[in-house]
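**Student:** This is the structure I have questions about; it appears just below.
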Amino acid sequence: MLVFIEKENKTVECNASSGKELLAKLNINPSTVLLVKNSDVILDEEPLSETDQIKILSVISGG
Amino acid sequence: MQCTKCDNHAVYRLSDQLYCKDHFCRYFENKVYKTIKKFSLFRPDDKIAVASSGGKDSLALLYTVMLYTNKYNIPFFALAVDEGIAGYRDSSLDDLKFFCSQFDIKYHIVSFQDKINTTLDNIKDKGISLNKKPCTVCGIFRRTLLNRAARELGATKLATGHNLDDEAQSLLMNTMKGNMSHNAALGPVTGLSSTKGFVQRVKPLYFMLEKETRLYAFIKNFKVDFNECPNISLSFRAGVRDILNNMESTSPGTKNGIVNSFLEILPLLKEKYRNEKPFSFCERCNDPCSGKICNACQMEDLLCLKVN
């Protein structure tokens with residue numbers, strides 16, 4: 001599936017069966033991001049499929 | 001997965017409780033209101049300056065303060081500082097202006113350029129060469145300008161968007177550096193309301209995780225620029241932030257535990273350091289400070305700034 005990583009402003013291809021697994025594969029700390037699946041926020045434990053469009057939004061901003 | 005309270009899709013988990021968008025927003029707002037009431041952050045006769053950068057925390061703060069103050073008819077306005085950080089602050093101030101026009105909120109912007117005749121971008125290298133990190137230089141001037149502007153605009157409280165993550169980071173940073181007296185100056189309310197020239201600071205988002213404010217801003221569809229300040233990687237805070245986020249991930253509730261433990265000993269710290277740093281007024285600018293010359297005037301001297 002295509003995964004947009006906001007902090008790095010890039011899209012990567014990565015498949016995973018859940019949000020949790022996806023974040024682990026990308027080495028991203030779940031405390032620091034929100035997961036958006038097809039424009040809706042989802043829980044980390046939610047299942048994912050190959051056709052999903054995922055955005056990983058950074059929680060940390062500002063100074 | 002479903003919300004624990006209704007059939008809607010869950011967007012947030014807090015231990016065993018699952019929240020849909022609506023129930024999460026209610027949880028968020030109620031927790032902010034509870035903080036305001038529990039620590040008496042606002043009084044009916046207050047005029048609130050809301051320190052706003054245009055980032056997610058300050059827009060979540062402005063919005064919840066607006067909801068709360070409308071209920072109790074307390075006047076408020078947004079107050080921003082333009083430090084002069086190219087490619088970062090300009091866009092967040094645009095977001096702030098858009099937000100304020102959307103909700104008909106009055107705003108004021110004070111700039112480093114107007115007040116200290118320069119920008120952070122112009123002085124940061126000099127600061128680094130003198131062993132002062134950009135965040136230290138920025139923080140000193142920003143705090144001073146916010147206090148002065150809030151005072152001049154007649155505010156009785158200055159609400160800031162500090163959240164649970166910020167507070168846990170500050171506590172850990174001060175502890176690691178052995179600056180326990182600085183911790184005595186933290187908490188949901190800082191400074192003395194009776195001190196002439198000092199606008200008391202309050203933190204309505206004190207118990208909200210940074211992740212929660214981002215989620216709230218996302219659900220409310222606030223137009224927010226999520227860029228990080230380009231200077232953050234140079235700060236001690238960034239390292240502490242990473243340590244805490246790693247701990248929070250493996251032991252959820254870590255940040256909450258740190259801040260709540262601190263609140264239990266805060267009265268003792270305040271008592272211990274009450275007379276250590278007597279309050280006075282800067283001999284140069286007459287702002288309240290804890291020595292002869294305030295930090296902002298000392299920094300102006302160090303950086304050889306020519307201030308109006």
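Each chain in the structure tokens gets a letter, A, B, ..., in the order shown, and its residues are numbered from 1; ligands are numbered from 1 in order too.
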Which residues come within 6 Å of Val3 of chain A, counting only C-alpha atoms, excluding same-chain residues fewer than 5 positions away, as a ChimeraX atom specification?

**Tutor:** /A:11-12,54-55

**Student:** With DSSP run on the backbone, what are the strand (DSSP E or B) residues within segment 103-229 of chain B? I'd like them as a VMD selection string.

**Tutor:** chain B and resid 107 to 111 157 to 159 189 to 190 200 to 202 228

**Student:** Please measure the separation of atom CA of Asn286 of chain B and atom CA of Thr160 of chain B, giving the value in Å to one decimal.

**Tutor:**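 It comes out at 23.5 Å.
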
**Student:** Would you kindly return, as a short mmCIF file (atom, residue, chain, number, x, y, z; two decimals) with C-alpha atoms, in the first residue's frame, each protein, DNA or RNA residue with an atom no farther than 10 Å from any atom of segment 30-46 of chain A, considering only C-alpha atoms and excluding same-chain residues fewer than 6 positions away?

**Tutor:**
data_model
loop_
_atom_site.label_atom_id
_atom_site.label_comp_id
_atom_site.auth_asym_id
_atom_site.auth_seq_id
_atom_site.Cartn_x
_atom_site.Cartn_y
_atom_site.Cartn_z
CA VAL A 3 1.95 5.38 2.75
CA PHE A 4 2.47 9.13 2.97
CA ILE A 5 4.80 10.15 5.83
CA GLU A 6 4.06 13.78 6.68
CA LYS A 7 7.20 14.51 8.67
CA SER A 17 -1.73 -6.23 8.17
CA SER A 18 -2.34 -3.55 10.84
CA GLY A 19 -1.41 0.03 11.70
CA LYS A 20 0.76 -1.22 14.52
CA GLU A 21 2.70 -3.53 12.22
CA LEU A 22 3.08 -0.74 9.63
CA LEU A 23 4.56 1.66 12.19
CA ALA A 24 6.91 -1.05 13.46
CA ASP A 52 -5.78 1.37 1.60
CA GLN A 53 -4.29 4.81 1.27
CA ILE A 54 -2.45 5.64 4.48
CA LYS A 55 -1.17 8.93 5.88
CA ILE A 56 1.10 9.07 8.90
CA LEU A 57 0.65 12.50 10.46
CA SER A 58 3.25 13.84 12.84
CA VAL A 59 1.98 14.75 16.29
CA ILE A 60 5.06 16.80 17.05
CA MET B 1 -13.60 -0.92 16.04
CA HIS B 9 -16.01 4.24 14.45
CA ALA B 10 -13.33 4.67 17.16
CA VAL B 11 -10.47 7.11 16.51
CA TYR B 12 -8.74 7.17 19.89
CA ARG B 13 -7.88 4.76 22.66
CA LEU B 18 -12.43 3.83 22.86
CA TYR B 19 -13.65 7.19 21.54
CA CYS B 20 -15.32 8.14 18.25
CA LYS B 21 -14.75 11.67 16.90
CA LEU B 209 -1.25 14.91 25.44
CA GLU B 210 0.31 16.44 22.35
CA LYS B 211 -1.22 13.56 20.39
CA GLU B 212 -4.65 14.54 21.69
CA ARG B 214 -3.22 17.08 17.15
CA LEU B 215 -6.20 14.72 16.93
CA PHE B 218 -7.55 17.21 12.84
CA ILE B 219 -11.13 16.34 13.76
CA ARG B 241 11.05 14.58 24.03
CA ASP B 242 12.33 11.44 22.26
CA LEU B 244 9.65 10.45 26.87
CA ASN B 245 7.93 9.31 23.68
CA ASN B 246 9.86 6.03 23.76
CA MET B 247 8.85 5.52 27.39
CA GLU B 248 5.22 6.44 26.66
CA SER B 249 5.16 3.88 23.87
CA THR B 250 6.41 1.02 26.05
CA PRO B 252 1.60 4.22 28.45
#

**Student:** So what do you get for atom CA of Lys223 of chain B versus atom CA of Thr156 of chain B, distance-wise?

**Tutor:**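 Atom CA of Thr156 of chain B lies 28.8 Å from atom CA of Lys223 of chain B.
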
**Student:** Under the rule that only C-alpha atoms are counted, which of B:Glu228, B:Leu171, B:Ala49, B:Asp301 is the nearest residue to Gly257 of chain B?

**Tutor:** B:Leu171

**Student:** Quick one: pull the distance between atom CA of Gly139 of chain B and atom CA of Lys126 of chain B, Å, one decimal.

**Tutor:**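 Those two atoms sit 15.7 Å apart.
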
**Student:** May I have all residues of segment 161-192 of chain B that DSSP, computed from the backbone, assigns to alpha helix (DSSP H), given as a list of chain:residue names?

**Tutor:**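 Secondary structure check on segment 161-192 of chain B, alpha helix (DSSP H): B:Leu164, B:Asp165, B:Asp166, B:Glu167, B:Ala168, B:Gln169, B:Ser170, B:Leu171, B:Leu172, B:Met173, B:Asn174, B:Thr175, B:Met176, B:Met180, B:Ser181, B:His182, B:Asn183.
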
**Student:** Would you export the selected residues with C-alpha atoms as a PDB file, in the first residue's frame, please?

**Tutor:**
ATOM      1  CA  LEU B 164       1.259  17.456  29.120  1.00  0.00           C
ATOM      2  CA  ASP B 165       4.214  16.601  26.868  1.00  0.00           C
ATOM      3  CA  ASP B 166       5.695  20.099  27.267  1.00  0.00           C
ATOM      4  CA  GLU B 167       5.344  19.990  31.034  1.00  0.00           C
ATOM      5  CA  ALA B 168       6.813  16.476  31.387  1.00  0.00           C
ATOM      6  CA  GLN B 169       9.730  17.540  29.147  1.00  0.00           C
ATOM      7  CA  SER B 170      10.389  20.701  31.186  1.00  0.00           C
ATOM      8  CA  LEU B 171      10.289  18.754  34.454  1.00  0.00           C
ATOM      9  CA  LEU B 172      12.755  16.189  33.152  1.00  0.00           C
ATOM     10  CA  MET B 173      15.045  18.817  31.613  1.00  0.00           C
ATOM     11  CA  ASN B 174      15.206  20.850  34.835  1.00  0.00           C
ATOM     12  CA  THR B 175      15.783  17.703  36.860  1.00  0.00           C
ATOM     13  CA  MET B 176      18.551  16.466  34.547  1.00  0.00           C
ATOM     14  CA  MET B 180      15.026  22.088  40.802  1.00  0.00           C
ATOM     15  CA  SER B 181      14.151  25.715  41.578  1.00  0.00           C
ATOM     16  CA  HIS B 182      12.974  26.064  37.956  1.00  0.00           C
ATOM     17  CA  ASN B 183      10.507  23.238  38.541  1.00  0.00           C
TER      18      ASN B 183
END
